[in-house]
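Enquirer: If it helps, the file is called work.cif and holds mmCIF, N, CA and C atoms:
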data_start
#
loop_
_atom_site.group_PDB
_atom_site.id
_atom_site.type_symbol
_atom_site.label_atom_id
_atom_site.label_comp_id
_atom_site.auth_asym_id
_atom_site.auth_seq_id
_atom_site.Cartn_x
_atom_site.Cartn_y
_atom_site.Cartn_z
ATOM 1 N N MET A 115 -2.540 -26.690 35.602
ATOM 2 C CA MET A 115 -3.691 -26.539 34.728
ATOM 3 C C MET A 115 -3.235 -25.849 33.446
ATOM 4 N N SER A 116 -3.537 -26.428 32.322
ATOM 5 C CA SER A 116 -3.122 -25.862 31.036
ATOM 6 C C SER A 116 -4.109 -24.765 30.601
ATOM 7 N N PRO A 117 -3.647 -23.831 29.778
ATOM 8 C CA PRO A 117 -4.547 -22.756 29.321
ATOM 9 C C PRO A 117 -5.698 -23.255 28.458
ATOM 10 N N SER A 118 -5.561 -24.401 27.851
ATOM 11 C CA SER A 118 -6.630 -24.906 26.982
ATOM 12 C C SER A 118 -7.682 -25.714 27.727
ATOM 13 N N ARG A 119 -7.439 -26.035 28.973
ATOM 14 C CA ARG A 119 -8.354 -26.887 29.738
ATOM 15 C C ARG A 119 -9.772 -26.307 29.840
ATOM 16 N N PRO A 120 -9.970 -25.002 30.172
ATOM 17 C CA PRO A 120 -11.352 -24.492 30.241
ATOM 18 C C PRO A 120 -12.085 -24.571 28.899
ATOM 19 N N PHE A 121 -11.346 -24.450 27.805
ATOM 20 C CA PHE A 121 -11.985 -24.519 26.490
ATOM 21 C C PHE A 121 -12.366 -25.954 26.139
ATOM 22 N N ILE A 122 -11.597 -26.900 26.599
ATOM 23 C CA ILE A 122 -11.912 -28.307 26.351
ATOM 24 C C ILE A 122 -13.108 -28.745 27.195
ATOM 25 N N LEU A 123 -13.192 -28.246 28.432
ATOM 26 C CA LEU A 123 -14.289 -28.623 29.323
ATOM 27 C C LEU A 123 -15.612 -27.975 28.921
ATOM 28 N N ARG A 124 -15.566 -26.856 28.238
ATOM 29 C CA ARG A 124 -16.790 -26.131 27.860
ATOM 30 C C ARG A 124 -16.830 -25.914 26.344
ATOM 31 N N PRO A 125 -17.170 -26.922 25.563
ATOM 32 C CA PRO A 125 -17.149 -26.785 24.098
ATOM 33 C C PRO A 125 -18.227 -25.841 23.561
ATOM 34 N N VAL A 126 -19.368 -25.768 24.229
ATOM 35 C CA VAL A 126 -20.435 -24.871 23.764
ATOM 36 C C VAL A 126 -20.001 -23.418 23.959
ATOM 37 N N ALA A 127 -19.444 -23.106 25.109
ATOM 38 C CA ALA A 127 -18.978 -21.744 25.361
ATOM 39 C C ALA A 127 -17.830 -21.386 24.421
ATOM 40 N N THR A 128 -16.990 -22.344 24.144
ATOM 41 C CA THR A 128 -15.886 -22.109 23.207
ATOM 42 C C THR A 128 -16.423 -21.811 21.810
ATOM 43 N N SER A 129 -17.431 -22.546 21.387
ATOM 44 C CA SER A 129 -18.038 -22.307 20.069
ATOM 45 C C SER A 129 -18.697 -20.937 20.013
ATOM 46 N N LEU A 130 -19.396 -20.560 21.072
ATOM 47 C CA LEU A 130 -20.035 -19.240 21.102
ATOM 48 C C LEU A 130 -18.997 -18.120 21.110
ATOM 49 N N LEU A 131 -17.917 -18.316 21.850
ATOM 50 C CA LEU A 131 -16.856 -17.315 21.868
ATOM 51 C C LEU A 131 -16.227 -17.181 20.481
ATOM 52 N N MET A 132 -16.002 -18.306 19.809
ATOM 53 C CA MET A 132 -15.439 -18.272 18.460
ATOM 54 C C MET A 132 -16.393 -17.571 17.493
ATOM 55 N N ALA A 133 -17.690 -17.845 17.609
ATOM 56 C CA ALA A 133 -18.676 -17.203 16.735
ATOM 57 C C ALA A 133 -18.730 -15.700 16.997
ATOM 58 N N ALA A 134 -18.616 -15.291 18.257
ATOM 59 C CA ALA A 134 -18.646 -13.865 18.586
ATOM 60 C C ALA A 134 -17.412 -13.159 18.029
ATOM 61 N N ILE A 135 -16.249 -13.777 18.157
ATOM 62 C CA ILE A 135 -15.024 -13.176 17.612
ATOM 63 C C ILE A 135 -15.115 -13.077 16.094
ATOM 64 N N LEU A 136 -15.648 -14.101 15.451
ATOM 65 C CA LEU A 136 -15.821 -14.091 14.005
ATOM 66 C C LEU A 136 -16.795 -12.992 13.578
ATOM 67 N N LEU A 137 -17.885 -12.850 14.297
ATOM 68 C CA LEU A 137 -18.878 -11.826 13.984
ATOM 69 C C LEU A 137 -18.291 -10.425 14.140
ATOM 70 N N VAL A 138 -17.558 -10.185 15.218
ATOM 71 C CA VAL A 138 -16.922 -8.880 15.427
ATOM 72 C C VAL A 138 -15.908 -8.601 14.316
ATOM 73 N N GLY A 139 -15.172 -9.614 13.904
ATOM 74 C CA GLY A 139 -14.207 -9.452 12.814
ATOM 75 C C GLY A 139 -14.877 -9.122 11.499
ATOM 76 N N LEU A 140 -15.980 -9.788 11.192
ATOM 77 C CA LEU A 140 -16.707 -9.510 9.954
ATOM 78 C C LEU A 140 -17.302 -8.107 9.954
ATOM 79 N N VAL A 141 -17.860 -7.687 11.084
ATOM 80 C CA VAL A 141 -18.421 -6.331 11.174
ATOM 81 C C VAL A 141 -17.304 -5.301 11.042
ATOM 82 N N GLY A 142 -16.184 -5.548 11.676
ATOM 83 C CA GLY A 142 -15.054 -4.629 11.555
ATOM 84 C C GLY A 142 -14.510 -4.574 10.140
ATOM 85 N N TYR A 143 -14.485 -5.708 9.458
ATOM 86 C CA TYR A 143 -13.986 -5.754 8.080
ATOM 87 C C TYR A 143 -14.882 -4.951 7.147
ATOM 88 N N THR A 144 -16.195 -5.017 7.366
ATOM 89 C CA THR A 144 -17.103 -4.262 6.502
ATOM 90 C C THR A 144 -17.025 -2.764 6.759
ATOM 91 N N GLN A 145 -16.540 -2.368 7.917
ATOM 92 C CA GLN A 145 -16.445 -0.949 8.247
ATOM 93 C C GLN A 145 -15.129 -0.318 7.791
ATOM 94 N N LEU A 146 -14.197 -1.107 7.273
ATOM 95 C CA LEU A 146 -12.916 -0.565 6.826
ATOM 96 C C LEU A 146 -13.101 0.280 5.575
ATOM 97 N N PRO A 147 -12.489 1.460 5.540
ATOM 98 C CA PRO A 147 -12.587 2.268 4.320
ATOM 99 C C PRO A 147 -11.626 1.735 3.262
ATOM 100 N N VAL A 148 -12.169 1.410 2.090
ATOM 101 C CA VAL A 148 -11.357 0.873 1.006
ATOM 102 C C VAL A 148 -11.647 1.699 -0.240
ATOM 103 N N SER A 149 -10.610 2.158 -0.871
ATOM 104 C CA SER A 149 -10.752 2.932 -2.086
ATOM 105 C C SER A 149 -10.231 2.118 -3.256
ATOM 106 N N ALA A 150 -10.973 2.120 -4.351
ATOM 107 C CA ALA A 150 -10.543 1.368 -5.528
ATOM 108 C C ALA A 150 -9.262 1.957 -6.110
ATOM 109 N N LEU A 151 -9.206 3.260 -6.186
ATOM 110 C CA LEU A 151 -8.018 3.950 -6.682
ATOM 111 C C LEU A 151 -7.612 5.006 -5.662
ATOM 112 N N PRO A 152 -6.728 4.660 -4.745
ATOM 113 C CA PRO A 152 -6.335 5.636 -3.732
ATOM 114 C C PRO A 152 -5.574 6.810 -4.348
ATOM 115 N N GLU A 153 -5.672 7.946 -3.718
ATOM 116 C CA GLU A 153 -4.984 9.150 -4.184
ATOM 117 C C GLU A 153 -3.509 9.041 -3.828
ATOM 118 N N VAL A 154 -2.669 9.073 -4.856
ATOM 119 C CA VAL A 154 -1.234 8.916 -4.663
ATOM 120 C C VAL A 154 -0.529 10.083 -5.330
ATOM 121 N N ASP A 155 0.425 10.665 -4.633
ATOM 122 C CA ASP A 155 1.254 11.717 -5.208
ATOM 123 C C ASP A 155 2.580 11.105 -5.618
ATOM 124 N N TYR A 156 2.767 10.963 -6.914
ATOM 125 C CA TYR A 156 3.995 10.380 -7.418
ATOM 126 C C TYR A 156 5.092 11.443 -7.444
ATOM 127 N N PRO A 157 6.303 11.076 -7.075
ATOM 128 C CA PRO A 157 7.396 12.056 -7.090
ATOM 129 C C PRO A 157 7.752 12.446 -8.522
ATOM 130 N N THR A 158 7.916 13.724 -8.744
ATOM 131 C CA THR A 158 8.293 14.224 -10.063
ATOM 132 C C THR A 158 9.453 15.197 -9.923
ATOM 133 N N ILE A 159 10.218 15.301 -10.978
ATOM 134 C CA ILE A 159 11.326 16.247 -11.034
ATOM 135 C C ILE A 159 11.131 17.088 -12.277
ATOM 136 N N GLN A 160 11.256 18.385 -12.107
ATOM 137 C CA GLN A 160 11.125 19.286 -13.235
ATOM 138 C C GLN A 160 12.477 19.957 -13.457
ATOM 139 N N VAL A 161 12.992 19.826 -14.674
ATOM 140 C CA VAL A 161 14.301 20.382 -15.022
ATOM 141 C C VAL A 161 14.106 21.373 -16.152
ATOM 142 N N LEU A 162 14.668 22.551 -16.003
ATOM 143 C CA LEU A 162 14.618 23.583 -17.033
ATOM 144 C C LEU A 162 16.025 23.734 -17.587
ATOM 145 N N THR A 163 16.177 23.455 -18.882
ATOM 146 C CA THR A 163 17.502 23.464 -19.504
ATOM 147 C C THR A 163 17.492 24.366 -20.722
ATOM 148 N N PHE A 164 18.483 25.206 -20.823
ATOM 149 C CA PHE A 164 18.654 26.063 -21.998
ATOM 150 C C PHE A 164 19.822 25.516 -22.807
ATOM 151 N N TYR A 165 19.522 25.118 -24.022
ATOM 152 C CA TYR A 165 20.552 24.592 -24.907
ATOM 153 C C TYR A 165 20.296 25.245 -26.278
ATOM 154 N N PRO A 166 20.801 26.486 -26.477
ATOM 155 C CA PRO A 166 20.487 27.228 -27.716
ATOM 156 C C PRO A 166 20.974 26.493 -28.963
ATOM 157 N N GLY A 167 20.116 26.437 -29.958
ATOM 158 C CA GLY A 167 20.461 25.830 -31.237
ATOM 159 C C GLY A 167 20.335 24.326 -31.279
ATOM 160 N N ALA A 168 19.932 23.684 -30.210
ATOM 161 C CA ALA A 168 19.826 22.230 -30.184
ATOM 162 C C ALA A 168 18.412 21.787 -30.524
ATOM 163 N N SER A 169 18.320 20.665 -31.193
ATOM 164 C CA SER A 169 17.008 20.102 -31.516
ATOM 165 C C SER A 169 16.490 19.325 -30.303
ATOM 166 N N PRO A 170 15.209 19.021 -30.285
ATOM 167 C CA PRO A 170 14.660 18.244 -29.162
ATOM 168 C C PRO A 170 15.343 16.886 -28.990
ATOM 169 N N ASN A 171 15.737 16.259 -30.084
ATOM 170 C CA ASN A 171 16.418 14.959 -29.978
ATOM 171 C C ASN A 171 17.778 15.098 -29.309
ATOM 172 N N VAL A 172 18.494 16.157 -29.624
ATOM 173 C CA VAL A 172 19.804 16.366 -29.015
ATOM 174 C C VAL A 172 19.661 16.615 -27.522
ATOM 175 N N VAL A 173 18.691 17.428 -27.144
ATOM 176 C CA VAL A 173 18.462 17.700 -25.726
ATOM 177 C C VAL A 173 18.061 16.414 -25.014
ATOM 178 N N ALA A 174 17.206 15.607 -25.637
ATOM 179 C CA ALA A 174 16.764 14.354 -25.007
ATOM 180 C C ALA A 174 17.923 13.398 -24.803
ATOM 181 N N THR A 175 18.836 13.325 -25.770
ATOM 182 C CA THR A 175 19.923 12.352 -25.654
ATOM 183 C C THR A 175 21.070 12.850 -24.789
ATOM 184 N N THR A 176 21.326 14.142 -24.771
ATOM 185 C CA THR A 176 22.486 14.630 -24.018
ATOM 186 C C THR A 176 22.151 15.085 -22.613
ATOM 187 N N VAL A 177 21.056 15.773 -22.438
ATOM 188 C CA VAL A 177 20.741 16.355 -21.135
ATOM 189 C C VAL A 177 19.816 15.450 -20.322
ATOM 190 N N CYS A 178 18.719 15.039 -20.897
ATOM 191 C CA CYS A 178 17.707 14.284 -20.145
ATOM 192 C C CYS A 178 18.218 12.906 -19.717
ATOM 193 N N LEU A 179 18.975 12.250 -20.549
ATOM 194 C CA LEU A 179 19.487 10.929 -20.176
ATOM 195 C C LEU A 179 20.455 11.014 -19.007
ATOM 196 N N LEU A 180 21.213 12.102 -18.916
ATOM 197 C CA LEU A 180 22.115 12.268 -17.776
ATOM 198 C C LEU A 180 21.326 12.391 -16.480
ATOM 199 N N TYR A 181 20.256 13.189 -16.503
ATOM 200 C CA TYR A 181 19.452 13.364 -15.294
ATOM 201 C C TYR A 181 18.732 12.081 -14.890
ATOM 202 N N THR A 182 18.168 11.387 -15.884
ATOM 203 C CA THR A 182 17.414 10.177 -15.542
ATOM 204 C C THR A 182 18.339 9.063 -15.071
ATOM 205 N N SER A 183 19.545 8.980 -15.620
ATOM 206 C CA SER A 183 20.450 7.928 -15.168
ATOM 207 C C SER A 183 20.943 8.186 -13.739
ATOM 208 N N ARG A 184 21.039 9.424 -13.347
ATOM 209 C CA ARG A 184 21.475 9.741 -11.983
ATOM 210 C C ARG A 184 20.337 9.676 -10.974
ATOM 211 N N CYS A 185 19.118 9.837 -11.403
ATOM 212 C CA CYS A 185 17.970 9.818 -10.487
ATOM 213 C C CYS A 185 17.487 8.407 -10.210
ATOM 214 N N VAL A 186 17.692 7.519 -11.121
ATOM 215 C CA VAL A 186 17.173 6.155 -10.976
ATOM 216 C C VAL A 186 18.104 5.340 -10.216
#
Transcribe the structure of this file into C-alpha coordinates.
Expert:
Amino acid sequence: MSPSRPFILRPVATSLLMAAILLVGLVGYTQLPVSALPEVDYPTIQVLTFYPGASPNVVATTVCLLYTSRCV
(Lines of atoms letter the chains of each structure in order from A and count residues from 1; the text may use other names and numbers.)
(Lines give C-alpha, C1' and ligand atoms only; values in the text may rest on other atoms or scores of the structure.)
Protein backbone atom coordinates (compact mmCIF):
# COMPACT_ATOMS: atom_id res chain seq x y z
CA MET A 1 0.00 0.00 0.00
CA SER A 2 1.49 3.34 -1.02
CA PRO A 3 1.43 6.36 1.32
CA SER A 4 -0.67 8.34 -1.15
CA ARG A 5 -3.43 5.73 -1.45
CA PRO A 6 -5.62 7.02 1.47
CA PHE A 7 -5.46 10.53 0.03
CA ILE A 8 -6.48 9.34 -3.41
CA LEU A 9 -9.40 7.31 -2.01
CA ARG A 10 -10.70 10.22 0.09
CA PRO A 11 -10.46 13.45 -1.96
CA VAL A 12 -12.89 15.40 0.24
CA ALA A 13 -10.92 14.61 3.40
CA THR A 14 -7.71 15.46 1.59
CA SER A 15 -9.13 18.84 0.55
CA LEU A 16 -10.30 19.58 4.09
CA LEU A 17 -6.91 18.59 5.50
CA MET A 18 -5.18 20.86 2.98
CA ALA A 19 -7.53 23.75 3.85
CA ALA A 20 -6.89 23.24 7.58
CA ILE A 21 -3.11 23.24 7.09
CA LEU A 22 -3.39 26.37 4.95
CA LEU A 23 -5.56 28.10 7.56
CA VAL A 24 -3.15 27.23 10.39
CA GLY A 25 -0.26 28.53 8.28
CA LEU A 26 -2.02 31.81 7.55
CA VAL A 27 -2.93 32.34 11.21
CA GLY A 28 0.64 31.56 12.23
CA TYR A 29 2.01 33.94 9.60
CA THR A 30 -0.13 36.80 10.88
CA GLN A 31 1.11 36.18 14.42
CA LEU A 32 4.81 36.51 13.50
CA PRO A 33 6.47 39.61 14.93
CA VAL A 34 7.88 41.70 12.09
CA SER A 35 9.69 44.97 12.54
CA ALA A 36 10.12 47.43 9.69
CA LEU A 37 13.48 48.58 11.03
CA PRO A 38 14.95 46.02 13.42
CA GLU A 39 17.34 47.22 16.10
CA VAL A 40 20.87 46.42 14.97
CA ASP A 41 24.13 47.11 16.75
CA TYR A 42 26.74 47.79 14.12
CA PRO A 43 30.35 47.04 15.09
CA THR A 44 32.43 50.15 15.63
CA ILE A 45 36.06 50.79 16.45
CA GLN A 46 37.23 53.85 18.29
CA VAL A 47 40.88 54.85 17.92
CA LEU A 48 42.54 57.63 19.88
CA THR A 49 45.70 58.91 18.20
CA PHE A 50 48.05 61.67 19.27
CA TYR A 51 49.98 63.18 16.40
CA PRO A 52 51.28 66.60 17.61
CA GLY A 53 51.55 69.26 14.93
CA ALA A 54 49.68 67.28 12.27
CA SER A 55 46.69 68.59 10.38
CA PRO A 56 43.46 66.57 10.14
CA ASN A 57 44.29 65.64 6.54
CA VAL A 58 47.67 64.24 7.53
CA VAL A 59 46.15 62.18 10.33
CA ALA A 60 43.42 60.91 7.97
CA THR A 61 45.91 59.84 5.31
CA THR A 62 48.64 58.39 7.51
CA VAL A 63 46.94 56.94 10.57
CA CYS A 64 43.29 56.27 9.72
CA LEU A 65 43.96 54.61 6.37
CA LEU A 66 46.32 52.14 8.04
CA TYR A 67 43.65 51.12 10.55
CA THR A 68 40.86 50.86 8.00
CA SER A 69 42.94 48.84 5.56
CA ARG A 70 43.79 46.32 8.29
CA CYS A 71 40.24 46.08 9.65
CA VAL A 72 38.50 45.50 6.34
Enquirer: Work out how far CA of Glu153 (chain A) is from atom C of Cys178 (chain A), in Å to one decimal.
Expert: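 Those two atoms sit 28.2 Å apart.
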Enquirer: Separation of atom C of Met115 (chain A) and atom N of Ala127 (chain A), in Å?
Expert: 18.4 Å
Enquirer: Would you work out the distance separating CA of Ile159 (chain A) from CA of Thr182 (chain A), expressed in Å to one decimal?
Expert: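 CA of Ile159 (chain A) sits 9.7 Å away from CA of Thr182 (chain A).
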Enquirer: I need the residues in chain A that are alpha helix (DSSP H) according to DSSP; give them as a PyMOL selection string.
Expert: chain A and resi 119-123+125-144+170-173+179-185
Enquirer: Grab all the atoms of region 168-173 of chain A that the file lists, wrap them in a box along x, y and z, add 4 Å per side, and give me centre plus edge lengths in Å (one decimal) as lines of an AutoDock Vina configuration file.
Expert:
center_x = 17.3
center_y = 19.3
center_z = -28.3
size_x = 13.3
size_y = 16.7
size_z = 14.5
Enquirer: Pull the neighbourhood of (-11.1, -20.2, 24.3) for me: all residues within 7 Å in file coordinates, counting all atoms listed in the file, as a ChimeraX atom specification.
Expert: /A:120-121,127-128,131-132
